[in-house]
file work-v2.cif (mmCIF, C-alpha atoms)
data_data
loop_
_atom_site.label_atom_id
_atom_site.label_comp_id
_atom_site.auth_asym_id
_atom_site.auth_seq_id
_atom_site.Cartn_x
_atom_site.Cartn_y
_atom_site.Cartn_z
CA MET A 1 0.00 0.00 0.00
CA SER A 2 1.25 3.47 -0.85
CA LYS A 3 -0.23 5.19 2.19
CA LYS A 4 -0.01 4.67 5.94
CA LEU A 5 -2.86 3.65 8.17
CA GLU A 6 -5.23 6.59 8.78
CA ILE A 7 -7.52 7.27 11.73
CA LEU A 8 -10.94 8.43 10.59
CA PRO A 9 -13.07 10.25 13.22
CA PHE A 10 -16.84 10.38 12.82
CA THR A 11 -18.67 13.66 13.35
CA ASN A 12 -21.88 12.09 14.63
CA ASP A 13 -20.58 10.57 17.84
CA SER A 14 -18.94 12.31 20.77
CA ASP A 15 -17.87 9.15 22.59
CA THR A 16 -14.20 8.90 23.39
CA TYR A 17 -12.10 6.36 21.59
CA PRO A 18 -10.81 3.35 23.59
CA ARG A 19 -7.53 4.43 25.10
CA ASN A 20 -5.71 1.14 24.74
CA VAL A 21 -6.14 -0.22 21.21
CA ASN A 22 -5.68 -3.97 20.90
CA THR A 23 -2.56 -4.00 18.71
CA ARG A 24 -2.76 -7.76 18.06
CA LEU A 25 -6.15 -7.27 16.45
CA LEU A 26 -5.15 -4.13 14.59
CA LEU A 27 -2.04 -5.72 13.09
CA TYR A 28 -4.03 -8.72 11.88
CA CYS A 29 -6.84 -6.59 10.44
CA CYS A 30 -4.31 -4.48 8.55
CA SER A 31 -2.97 -7.64 6.93
CA TYR A 32 -6.41 -9.03 6.06
CA LYS A 33 -6.42 -9.44 2.27
CA LYS A 34 -9.76 -11.13 1.59
CA THR A 35 -12.67 -9.25 0.06
CA GLU A 36 -15.44 -10.47 2.34
CA PRO A 37 -16.17 -8.62 5.60
CA ALA A 38 -14.89 -10.22 8.79
CA PHE A 39 -15.09 -10.16 12.55
CA VAL A 40 -11.66 -10.77 14.06
CA PHE A 41 -11.65 -11.97 17.69
CA ASP A 42 -8.82 -12.11 20.20
CA LEU A 43 -9.66 -14.96 22.59
CA GLU A 44 -6.64 -14.12 24.75
CA ARG A 45 -8.11 -10.69 25.41
CA ILE A 46 -11.47 -12.24 26.31
CA LYS A 47 -9.78 -14.48 28.89
CA SER A 48 -7.90 -11.49 30.28
CA ASN A 49 -11.06 -9.38 30.49
CA TYR A 50 -12.89 -12.16 32.31
CA LYS A 51 -10.11 -12.42 34.93
CA ILE A 52 -10.17 -8.64 35.48
CA ILE A 53 -13.94 -8.73 36.04
CA GLN A 54 -13.51 -11.63 38.47
CA GLN A 55 -10.98 -9.58 40.41
CA ALA A 56 -13.18 -6.48 40.36
CA PHE A 57 -16.17 -8.40 41.75
CA LYS A 58 -14.23 -10.73 44.01
CA GLY A 59 -16.61 -12.88 46.02
CA SER A 60 -19.45 -12.49 43.52
CA ASN A 61 -20.74 -15.08 41.04
CA ILE A 62 -19.92 -14.08 37.44
CA TYR A 63 -22.27 -15.17 34.63
CA TYR A 64 -21.34 -14.28 31.04
CA ALA A 65 -24.38 -12.91 29.16
CA LEU A 66 -24.72 -14.78 25.85
CA LYS A 67 -26.68 -11.98 24.22
CA ALA A 68 -23.39 -10.09 23.94
CA ASN A 69 -22.08 -12.78 21.59
CA SER A 70 -22.81 -16.51 21.52
CA GLU A 71 -20.07 -17.61 19.09
CA VAL A 72 -19.07 -21.15 20.09
CA SER A 73 -15.32 -20.48 20.33
CA ILE A 74 -16.00 -17.63 22.76
CA LEU A 75 -18.20 -19.85 24.89
CA LYS A 76 -15.57 -22.60 24.92
CA THR A 77 -12.91 -20.10 25.95
CA LEU A 78 -15.04 -18.88 28.85
CA LYS A 79 -16.03 -22.42 29.81
CA ASN A 80 -12.33 -23.28 30.13
CA SER A 81 -11.93 -20.17 32.30
CA GLY A 82 -14.55 -21.52 34.70
CA ALA A 83 -17.33 -19.10 33.73
CA ASN A 84 -21.04 -19.42 34.43
CA PHE A 85 -23.55 -18.29 31.80
CA GLU A 86 -26.65 -16.08 31.62
CA THR A 87 -29.20 -16.80 28.89
CA ALA A 88 -32.34 -15.20 27.51
CA SER A 89 -33.51 -17.72 24.91
CA LEU A 90 -33.98 -21.45 24.46
CA GLY A 91 -31.44 -21.43 21.64
CA GLU A 92 -28.76 -20.00 23.93
CA VAL A 93 -29.47 -22.63 26.57
CA GLN A 94 -29.32 -25.44 24.02
CA ARG A 95 -26.01 -24.15 22.66
CA LEU A 96 -24.52 -24.34 26.15
CA ILE A 97 -25.95 -27.82 26.77
CA ASP A 98 -24.43 -28.96 23.47
CA LEU A 99 -21.06 -27.73 24.76
CA LYS A 100 -21.45 -30.01 27.79
CA ILE A 101 -21.88 -27.10 30.20
CA GLU A 102 -23.68 -28.21 33.34
CA PRO A 103 -27.21 -26.82 33.81
CA GLN A 104 -26.18 -25.68 37.30
CA LYS A 105 -23.88 -23.12 35.65
CA ILE A 106 -26.71 -21.67 33.52
CA ILE A 107 -29.36 -19.13 34.53
CA TYR A 108 -32.35 -17.98 32.48
CA SER A 109 -33.03 -14.27 33.06
CA ASN A 110 -35.69 -13.50 30.46
CA PRO A 111 -39.07 -12.93 32.13
CA CYS A 112 -40.80 -13.32 28.72
CA LYS A 113 -41.48 -17.04 28.49
CA SER A 114 -44.39 -19.31 27.73
CA LYS A 115 -45.58 -22.35 29.67
CA LYS A 116 -43.96 -24.53 27.01
CA ASP A 117 -40.67 -22.65 27.40
CA ILE A 118 -40.68 -23.19 31.16
CA ILE A 119 -41.31 -26.94 30.80
CA THR A 120 -38.60 -27.29 28.13
CA LEU A 121 -36.05 -25.39 30.22
CA ALA A 122 -36.87 -27.37 33.35
CA ASN A 123 -36.43 -30.62 31.42
CA LEU A 124 -32.97 -29.38 30.38
CA GLY A 125 -32.10 -28.93 34.03
CA ILE A 126 -32.54 -25.15 34.24
CA ASN A 127 -34.16 -24.06 37.50
CA TYR A 128 -33.32 -20.31 37.69
CA PHE A 129 -36.11 -18.06 36.37
CA SER A 130 -36.80 -14.34 36.70
CA PHE A 131 -40.34 -12.94 36.78
CA GLU A 132 -42.20 -9.61 36.95
CA ASN A 133 -45.77 -10.46 37.93
CA ILE A 134 -47.68 -12.89 40.11
CA GLU A 135 -49.31 -14.66 37.16
CA ASP A 136 -45.89 -15.72 35.92
CA LEU A 137 -44.77 -16.62 39.44
CA ASP A 138 -47.86 -18.82 39.85
CA ARG A 139 -46.92 -20.75 36.70
CA LEU A 140 -43.35 -21.16 37.86
CA ILE A 141 -44.35 -22.44 41.29
CA ASN A 142 -46.65 -25.02 39.71
CA LEU A 143 -44.34 -26.11 36.89
CA VAL A 144 -40.94 -26.01 38.63
CA PRO A 145 -41.56 -26.81 42.32
CA LYS A 146 -37.83 -26.73 43.15
CA GLY A 147 -37.05 -23.70 41.03
CA VAL A 148 -35.13 -20.56 41.98
CA PHE A 149 -37.45 -17.61 41.34
CA VAL A 150 -36.03 -14.11 41.02
CA LEU A 151 -38.05 -10.89 41.27
CA ARG A 152 -37.09 -8.23 38.73
CA LEU A 153 -37.35 -4.66 40.01
CA ASN A 154 -38.51 -1.63 38.04
CA LEU A 155 -36.21 1.31 38.74
CA ASN A 156 -37.86 3.68 36.27
CA GLU A 157 -40.20 5.05 38.94
CA ILE A 158 -37.14 6.21 40.89
CA ASP A 159 -35.07 7.40 37.94
CA PRO A 160 -37.21 8.07 34.80
CA ILE A 161 -34.23 7.65 32.50
CA HIS A 162 -33.91 4.02 33.56
CA ILE A 163 -35.27 1.12 31.52
CA ASN A 164 -38.99 0.78 32.21
CA TYR A 165 -39.54 -2.89 33.01
CA GLY A 166 -39.96 -5.05 36.08
CA SER A 167 -42.22 -4.83 39.13
CA THR A 168 -42.88 -1.39 40.62
CA TRP A 169 -42.73 -0.79 44.38
CA ASP A 170 -46.49 -0.39 44.58
CA TYR A 171 -47.03 -3.69 42.76
CA ILE A 172 -44.54 -5.50 44.98
CA ASN A 173 -46.04 -4.04 48.15
CA THR A 174 -49.68 -4.78 47.31
CA LYS A 175 -49.43 -8.01 45.29
CA ILE A 176 -46.34 -9.84 46.52
CA LEU A 177 -45.35 -8.84 50.06
CA SER A 178 -48.96 -9.15 51.19
CA ASN A 179 -49.18 -12.78 50.00
CA SER A 180 -47.03 -15.26 51.94
CA ARG A 181 -47.24 -17.86 49.14
CA TYR A 182 -45.48 -15.49 46.76
CA ALA A 183 -43.14 -13.91 49.29
CA ASN A 184 -41.92 -17.31 50.49
CA ALA A 185 -41.27 -18.54 46.94
CA ILE A 186 -38.80 -15.77 46.01
CA GLN A 187 -35.10 -16.53 46.46
CA GLY A 188 -33.50 -13.64 44.57
CA ILE A 189 -33.87 -10.02 43.48
CA THR A 190 -32.58 -8.67 40.19
CA TYR A 191 -32.32 -5.33 38.45
CA TYR A 192 -30.32 -3.85 35.60
CA GLY A 193 -27.39 -1.56 36.14
CA LEU A 194 -24.22 -0.82 38.05
CA HIS A 195 -25.46 2.07 40.17
CA ASP A 196 -26.58 3.03 43.66
CA ILE A 197 -30.28 3.17 42.72
CA GLY A 198 -30.56 -0.59 42.47
CA LEU A 199 -28.67 -1.17 45.70
CA LYS A 200 -30.95 1.27 47.54
CA CYS A 201 -34.05 -0.46 46.15
CA CYS A 202 -32.76 -3.86 47.27
CA ASP A 203 -31.96 -2.45 50.71
CA LYS A 204 -35.47 -0.98 50.99
CA LEU A 205 -37.12 -4.23 49.93
CA LEU A 206 -35.00 -6.51 52.11
CA SER A 207 -35.45 -4.21 55.11
CA THR A 208 -39.18 -5.00 55.12
CA ASN A 209 -38.29 -8.52 56.34
CA LYS A 210 -41.16 -9.82 54.23
CA LEU A 211 -39.03 -11.88 51.85
CA PRO A 212 -37.66 -14.52 54.24
CA HIS A 213 -35.87 -16.73 51.70
CA ILE A 214 -33.80 -14.26 49.68
CA LYS A 215 -30.35 -15.74 49.06
CA PHE A 216 -28.89 -13.32 46.53
CA ILE A 217 -29.25 -10.19 44.43
CA ASN A 218 -28.42 -10.09 40.72
CA ILE A 219 -27.18 -6.66 39.62
CA GLY A 220 -27.44 -7.51 35.93
CA GLY A 221 -25.05 -6.80 33.11
CA ALA A 222 -24.44 -3.06 32.84
CA VAL A 223 -20.94 -3.33 34.32
CA GLN A 224 -19.05 -1.62 31.51
CA TYR A 225 -18.65 1.80 33.08
CA GLU A 226 -15.74 4.21 33.40
CA GLY A 227 -13.94 2.59 36.33
CA LEU A 228 -13.99 -0.86 34.79
CA ILE A 229 -13.03 0.45 31.34
CA GLU A 230 -9.90 1.96 32.87
CA ASP A 231 -9.04 -1.41 34.40
CA LEU A 232 -9.62 -3.26 31.14
CA ASP A 233 -7.48 -0.71 29.29
CA ALA A 234 -4.71 -1.15 31.85
CA GLY A 235 -4.90 -4.95 31.58
CA TYR A 236 -5.47 -5.58 35.27
CA TYR A 237 -7.78 -4.60 38.11
CA ASN A 238 -6.63 -1.39 39.82
CA ASP A 239 -9.56 -0.54 42.11
CA GLY A 240 -11.64 1.15 39.40
CA LEU A 241 -14.81 -0.23 40.99
CA LYS A 242 -13.72 0.31 44.58
CA VAL A 243 -16.50 2.70 45.66
CA PHE A 244 -19.35 0.69 44.15
CA THR A 245 -18.08 -2.74 45.22
CA LYS A 246 -17.65 -1.46 48.78
CA LYS A 247 -21.35 -0.49 48.82
CA LEU A 248 -22.19 -3.85 47.27
CA LYS A 249 -20.23 -5.66 50.00
CA ASN A 250 -21.97 -3.63 52.71
CA LEU A 251 -25.37 -4.72 51.36
CA LYS A 252 -24.15 -8.30 51.06
CA ASP A 253 -22.90 -8.36 54.67
CA LYS A 254 -25.98 -6.56 56.04
CA PHE A 255 -28.44 -9.14 54.71
CA LYS A 256 -26.10 -12.18 54.46
CA ILE A 257 -26.76 -12.63 50.74
CA ASP A 258 -24.71 -13.53 47.67
CA VAL A 259 -24.24 -11.42 44.54
CA ILE A 260 -24.58 -12.33 40.85
CA VAL A 261 -23.09 -10.19 38.07
CA GLU A 262 -23.90 -10.69 34.36
CA PRO A 263 -21.19 -9.02 32.23
CA GLY A 264 -21.46 -9.26 28.46
CA THR A 265 -19.91 -6.38 26.54
CA ALA A 266 -17.28 -5.89 29.25
CA VAL A 267 -15.99 -9.42 28.64
CA LEU A 268 -15.68 -8.61 24.93
CA TYR A 269 -14.18 -5.17 25.46
CA ASN A 270 -11.53 -4.45 22.81
CA ALA A 271 -11.49 -8.15 21.86
CA CYS A 272 -13.06 -7.83 18.41
CA ASN A 273 -12.52 -5.63 15.36
CA ALA A 274 -14.62 -5.55 12.19
CA VAL A 275 -13.00 -5.42 8.76
CA SER A 276 -14.83 -4.19 5.68
CA SER A 277 -14.21 -2.44 2.39
CA ILE A 278 -15.96 0.15 0.27
CA LYS A 279 -18.26 -1.60 -2.17
CA TYR A 280 -19.72 1.40 -3.95
CA VAL A 281 -19.17 5.15 -4.12
CA ASN A 282 -21.94 7.53 -5.17
CA ASN A 283 -22.37 11.30 -5.30
CA PHE A 284 -24.08 11.74 -8.63
CA CYS A 285 -27.74 11.07 -7.80
CA THR A 286 -28.20 13.08 -4.63
CA GLY A 287 -25.25 15.43 -4.68
CA THR A 288 -24.10 13.96 -1.35
CA LEU A 289 -21.01 11.79 -1.27
CA ASN A 290 -21.90 8.32 0.05
CA TYR A 291 -19.51 5.46 0.72
CA HIS A 292 -21.29 2.09 0.87
CA LEU A 293 -19.60 -0.67 2.87
CA ASP A 294 -20.24 -4.40 2.86
CA LEU A 295 -22.87 -4.63 5.60
CA GLY A 296 -21.55 -7.68 7.46
CA PRO A 297 -19.30 -6.02 10.04
CA THR A 298 -21.69 -3.17 10.74
CA LEU A 299 -24.09 -5.66 12.29
CA GLY A 300 -21.68 -5.90 15.20
CA LEU A 301 -21.76 -2.18 15.91
CA ARG A 302 -23.90 -1.67 18.98
CA LYS A 303 -24.05 2.02 18.14
CA PRO A 304 -22.41 4.28 15.54
CA PRO A 305 -18.64 4.18 16.05
CA SER A 306 -16.61 7.21 17.07
CA VAL A 307 -13.62 6.24 14.93
CA ALA A 308 -12.40 3.83 12.27
CA TYR A 309 -9.08 2.99 10.69
CA VAL A 310 -8.69 3.25 6.92
CA LEU A 311 -6.24 1.51 4.62
CA ARG A 312 -6.15 2.99 1.13
CA LYS A 313 -5.01 1.28 -2.02
CA ASN A 314 -3.83 4.60 -3.42
CA SER A 315 -3.77 8.21 -2.30
CA SER A 316 -6.56 10.27 -3.84
CA GLU A 317 -5.41 13.81 -3.02
CA ILE A 318 -8.95 14.99 -3.87
CA ILE A 319 -10.30 16.78 -0.81
CA MET A 320 -14.00 16.31 -0.02
CA ASP A 321 -15.92 18.48 2.47
CA GLU A 322 -18.02 15.71 3.99
CA ALA A 323 -19.53 12.29 3.32
CA ASN A 324 -21.84 9.61 4.68
CA ILE A 325 -20.77 6.04 5.32
CA LEU A 326 -23.69 3.67 4.78
CA ASP A 327 -24.30 -0.03 4.59
CA ALA A 328 -24.43 -1.54 1.12
CA ALA A 329 -27.96 -2.97 1.44
CA CYS A 330 -31.22 -1.24 0.60
CA SER A 331 -31.78 -0.16 4.20
CA GLN A 332 -29.21 2.64 3.78
CA ARG A 333 -28.33 2.34 7.45
CA SER A 334 -25.97 5.12 8.49
CA ILE A 335 -22.69 4.02 9.99
CA GLY A 336 -21.33 7.52 10.38
CA LYS A 337 -20.64 10.95 8.94
CA ILE A 338 -17.16 12.29 8.25
CA GLY A 339 -15.89 15.81 7.57
CA SER A 340 -13.07 17.03 5.35
CA HIS A 341 -11.00 14.13 3.97
CA GLU A 342 -9.21 12.79 0.93
CA ARG A 343 -11.76 10.97 -1.18
CA PHE A 344 -11.91 7.20 -0.77
CA ASN A 345 -12.32 4.67 -3.57
CA GLU A 346 -13.93 1.26 -4.00
CA GLY A 347 -11.81 -1.39 -2.31
CA ASP A 348 -10.39 0.89 0.39
CA GLN A 349 -10.51 -1.01 3.67
CA PHE A 350 -12.17 0.09 6.90
CA ILE A 351 -11.34 -1.32 10.34
CA PHE A 352 -13.80 -0.67 13.18
CA PRO A 353 -12.16 -1.26 16.58
CA ASN A 354 -13.93 -2.70 19.60
CA VAL A 355 -17.09 -4.12 18.02
CA GLY A 356 -18.85 -7.48 17.90
CA MET A 357 -21.23 -6.94 20.81
CA TYR A 358 -24.96 -7.67 20.44
CA SER A 359 -24.25 -8.96 16.97
CA THR A 360 -27.46 -9.61 15.02
CA MET A 361 -25.44 -11.60 12.50
CA TYR A 362 -26.46 -14.64 14.53
CA ILE A 363 -30.19 -14.08 14.17
CA CYS A 364 -30.70 -12.20 10.88
CA ASP A 365 -30.87 -13.94 7.49
CA PHE A 366 -32.11 -11.02 5.39
CA HIS A 367 -30.97 -11.96 1.89
CA LEU A 368 -29.14 -8.70 1.13
CA LEU A 369 -26.87 -8.98 4.14
CA GLN A 370 -23.48 -10.54 3.69
CA LYS A 371 -22.57 -12.41 6.83
CA PRO A 372 -18.98 -11.75 7.78
CA LYS A 373 -16.29 -14.35 8.11
CA ILE A 374 -15.40 -15.20 11.71
CA VAL A 375 -11.66 -15.13 12.39
CA PHE A 376 -9.85 -15.97 15.64
CA LEU A 377 -6.32 -14.87 16.35
CA PRO A 378 -3.94 -17.71 17.23
CA SER A 379 -3.03 -18.13 20.88
CA LYS A 380 0.07 -16.28 22.06
CA ASN A 381 1.49 -19.66 23.00
CA THR A 382 1.24 -21.10 19.48
#
call {"tool": "encode", "arguments": {"input": "work-v2.cif", "output": "structure tokens"}}
result
Amino acid sequence: MSKKLEILPFTNDSDTYPRNVNTRLLLYCCSYKKTEPAFVFDLERIKSNYKIIQQAFKGSNIYYALKANSEVSILKTLKNSGANFETASLGEVQRLIDLKIEPQKIIYSNPCKSKKDIITLANLGINYFSFENIEDLDRLINLVPKGVFVLRLNLNEIDPIHINYGSTWDYINTKILSNSRYANAIQGITYYGLHDIGLKCCDKLLSTNKLPHIKFINIGGAVQYEGLIEDLDAGYYNDGLKVFTKKLKNLKDKFKIDVIVEPGTAVLYNACNAVSSIKYVNNFCTGTLNYHLDLGPTLGLRKPPSVAYVLRKNSSEIIMDEANILDAACSQRSIGKIGSHERFNEGDQFIFPNVGMYSTMYICDFHLLQKPKIVFLPSKNT
């Protein structure tokens, strides 16, 4: 190539770029010569991330959330690291069972489930179920007599910006705490998010002394926040979660309960890059310069990226004011907007760092989408 690697910032996203770029991934992606799009995973980084999270939440039970990415090689890597697993679909559970992962290491956190789903899961050996209402709890009590039933809290009434699902305080107080059959059946409390709101809600609920059999709280999967990101960037745990985990320990000691954490994206942090190339360039029809990429890798972008790397075949030296980067399918999904730059050409390669989370490539078969190739870096020991 006649030009060095370029960093391309996007104007539509103010998020900061990951401070510690995974150079193993970047070097491989720069050498990727094939035309099809690809996800490139670093399993060594995934193992390292998992260990850092274990250190950060020492004493807690860590369950990897499959919705982040259920690629078999990733699951095998985490299985060998001793991980537990959180699931939200029958397909995810079956994939784990096929990998010979014991049902005792699998929890099912999706409250949206039919009677048939419950029976199927119970027959597979799954006994952990979350719920939001007494109708669902009734079914669970009848269908899985020895099940572990977990009440999901709604925090939106306390903080309106929070996700609006789960049982409200009024519902819990009038429908659950007032009925000993329901109160006695609950063994856990769950909510979504690494923040004080959830801890305060758990404290308030447990302080009523009306849930006599609570054994644990599950703080969910939103663990990828600033303190942990700094630890993952550094490659080891350096007390980035110290304040929160101290509060978590205080709650744990106060009520003599265990803690479950469900990291997903944090485990995959900086462990996957997407590689793509420009398939089509157009600025004749609309007067706006559009670069269309093979869609495959963009499916792994949880949100529009803040930056990409570009490898050109040749320097253009034609300066363009701005352009859109879109997928190459009819949906015209926007990947990002860029400002002043040297014009790109068909075949120029794009590398999107730190992607591959919540990848719909595993569930979408729309005929215009080109599924990317899955590539795993060799182990450092090979």
call {"tool": "resolve_selection", "arguments": {"input": "work-v2.cif", "expression": "the PyMOL selection byres ((chain A and resi 118) around 10)", "output": "PDB file with C-alpha atoms, in the frame of the given file"}}
result
ATOM      1  CA  LEU A  90     -33.980 -21.450  24.460  1.00  0.00           C
ATOM      2  CA  TYR A 108     -32.350 -17.980  32.480  1.00  0.00           C
ATOM      3  CA  LYS A 113     -41.480 -17.040  28.490  1.00  0.00           C
ATOM      4  CA  SER A 114     -44.390 -19.310  27.730  1.00  0.00           C
ATOM      5  CA  LYS A 115     -45.580 -22.350  29.670  1.00  0.00           C
ATOM      6  CA  LYS A 116     -43.960 -24.530  27.010  1.00  0.00           C
ATOM      7  CA  ASP A 117     -40.670 -22.650  27.400  1.00  0.00           C
ATOM      8  CA  ILE A 119     -41.310 -26.940  30.800  1.00  0.00           C
ATOM      9  CA  THR A 120     -38.600 -27.290  28.130  1.00  0.00           C
ATOM     10  CA  LEU A 121     -36.050 -25.390  30.220  1.00  0.00           C
ATOM     11  CA  ALA A 122     -36.870 -27.370  33.350  1.00  0.00           C
ATOM     12  CA  ASN A 123     -36.430 -30.620  31.420  1.00  0.00           C
ATOM     13  CA  LEU A 124     -32.970 -29.380  30.380  1.00  0.00           C
ATOM     14  CA  ILE A 126     -32.540 -25.150  34.240  1.00  0.00           C
ATOM     15  CA  ASN A 127     -34.160 -24.060  37.500  1.00  0.00           C
ATOM     16  CA  PHE A 129     -36.110 -18.060  36.370  1.00  0.00           C
ATOM     17  CA  ARG A 139     -46.920 -20.750  36.700  1.00  0.00           C
ATOM     18  CA  LEU A 140     -43.350 -21.160  37.860  1.00  0.00           C
ATOM     19  CA  LEU A 143     -44.340 -26.110  36.890  1.00  0.00           C
ATOM     20  CA  VAL A 144     -40.940 -26.010  38.630  1.00  0.00           C
TER      21      VAL A 144
END
call {"tool": "residues_near_point", "arguments": {"input": "work-v2.cif", "point": "(-8.5, 9.3, -6.7)", "cutoff": "12 Å", "atoms": "all atoms listed in the file", "output": "ChimeraX atom specification"}}
result
/A:281,312-320,341-346,348
call {"tool": "write_last_selection", "arguments": {"input": "work-v2.cif", "atoms": "C-alpha atoms", "output": "CSV table (one decimal), in the coordinates of the input"}}
result
chain,number,residue,atom,x,y,z
A,281,VAL,CA,-19.2,5.2,-4.1
A,312,ARG,CA,-6.2,3.0,1.1
A,313,LYS,CA,-5.0,1.3,-2.0
A,314,ASN,CA,-3.8,4.6,-3.4
A,315,SER,CA,-3.8,8.2,-2.3
A,316,SER,CA,-6.6,10.3,-3.8
A,317,GLU,CA,-5.4,13.8,-3.0
A,318,ILE,CA,-9.0,15.0,-3.9
A,319,ILE,CA,-10.3,16.8,-0.8
A,320,MET,CA,-14.0,16.3,0.0
A,341,HIS,CA,-11.0,14.1,4.0
A,342,GLU,CA,-9.2,12.8,0.9
A,343,ARG,CA,-11.8,11.0,-1.2
A,344,PHE,CA,-11.9,7.2,-0.8
A,345,ASN,CA,-12.3,4.7,-3.6
A,346,GLU,CA,-13.9,1.3,-4.0
A,348,ASP,CA,-10.4,0.9,0.4
call {"tool": "axis_aligned_box", "arguments": {"input": "work-v2.cif", "around": "range 191-197 of chain A", "padding_each_side": "5 Å", "output": "JSON"}}
result
{"center_x": -28.3, "center_y": -1.1, "center_z": 39.6, "size_x": 18.1, "size_y": 18.5, "size_z": 18.1}
call {"tool": "resolve_selection", "arguments": {"input": "work-v2.cif", "expression": "the PyMOL selection byres ((chain A and resi 82) around 12)", "output": "MDAnalysis selection string"}}
result
chainID A and resid 47 50:51 54 61:64 75:81 83:85 101:102 105
call {"tool": "closest_residue", "arguments": {"input": "work-v2.cif", "among": "A:Leu205, A:Val223, A:Ala38, A:Ile335", "to": "Ile374 in chain A", "atoms": "only C-alpha atoms"}}
result
A:Ala38
call {"tool": "residues_around", "arguments": {"input": "work-v2.cif", "residues": "range 283-286 of chain A", "least_positions_apart": "4", "cutoff": "10 Å", "atoms": "all atoms listed in the file", "output": "JSON, numbers by chain"}}
result
{"A": [290, 291, 323]}
call {"tool": "atom_distance", "arguments": {"input": "work-v2.cif", "atom1": "CA of Ser277 in chain A", "atom2": "CA of Ile7 in chain A"}}
result
15.0 Å
call {"tool": "resolve_selection", "arguments": {"input": "work-v2.cif", "expression": "the PyMOL selection byres ((chain A and resi 259) around 8)", "output": "MDAnalysis selection string"}}
result
chainID A and resid 59:61 216:219 252 257:258 260:261
call {"tool": "write_last_selection", "arguments": {"input": "work-v2.cif", "atoms": "C-alpha atoms", "output": "CSV table (one decimal), keeping the file's coordinate frame"}}
result
chain,number,residue,atom,x,y,z
A,59,GLY,CA,-16.6,-12.9,46.0
A,60,SER,CA,-19.4,-12.5,43.5
A,61,ASN,CA,-20.7,-15.1,41.0
A,216,PHE,CA,-28.9,-13.3,46.5
A,217,ILE,CA,-29.2,-10.2,44.4
A,218,ASN,CA,-28.4,-10.1,40.7
A,219,ILE,CA,-27.2,-6.7,39.6
A,252,LYS,CA,-24.2,-8.3,51.1
A,257,ILE,CA,-26.8,-12.6,50.7
A,258,ASP,CA,-24.7,-13.5,47.7
A,260,ILE,CA,-24.6,-12.3,40.8
A,261,VAL,CA,-23.1,-10.2,38.1
call {"tool": "residues_around", "arguments": {"input": "work-v2.cif", "residues": "Ile351 in chain A", "least_positions_apart": "5", "cutoff": "12 Å", "atoms": "all atoms listed in the file", "output": "number ranges by chain"}}
result
A: 5-8, 25-32, 37-40, 272-278, 293, 297-298, 301, 305, 307-312
call {"tool": "closest_residue", "arguments": {"input": "work-v2.cif", "among": "A:Phe255, A:Phe57, A:Tyr191, A:Trp169", "to": "Leu228 in chain A", "atoms": "all atoms listed in the file"}}
result
A:Phe57
call {"tool": "closest_residue", "arguments": {"input": "work-v2.cif", "among": "A:Thr35, A:Asn69, A:Asn22, A:Asn250", "to": "Ala234 in chain A", "atoms": "only C-alpha atoms"}}
result
A:Asn22
call {"tool": "closest_residue", "arguments": {"input": "work-v2.cif", "among": "A:Gln55, A:Thr23, A:Thr168, A:Thr11", "to": "Ser340 in chain A", "atoms": "only C-alpha atoms"}}
result
A:Thr11
call {"tool": "closest_residue", "arguments": {"input": "work-v2.cif", "among": "A:Lys303, A:Arg152, A:Arg95, A:Arg24", "to": "Leu66 in chain A", "atoms": "only C-alpha atoms"}}
result
A:Arg95
call {"tool": "residues_around", "arguments": {"input": "work-v2.cif", "residues": "Ser334 in chain A", "least_positions_apart": "4", "cutoff": "8 Å", "atoms": "all atoms listed in the file", "output": "PyMOL selection string"}}
result
chain A and resi 304+324-327
call {"tool": "atom_distance", "arguments": {"input": "work-v2.cif", "atom1": "CA of Leu251 in chain A", "atom2": "CA of Pro145 in chain A"}}
result
28.8 Å
call {"tool": "atom_distance", "arguments": {"input": "work-v2.cif", "atom1": "CA of Ile97 in chain A", "atom2": "CA of Ser109 in chain A"}}
result
16.5 Å
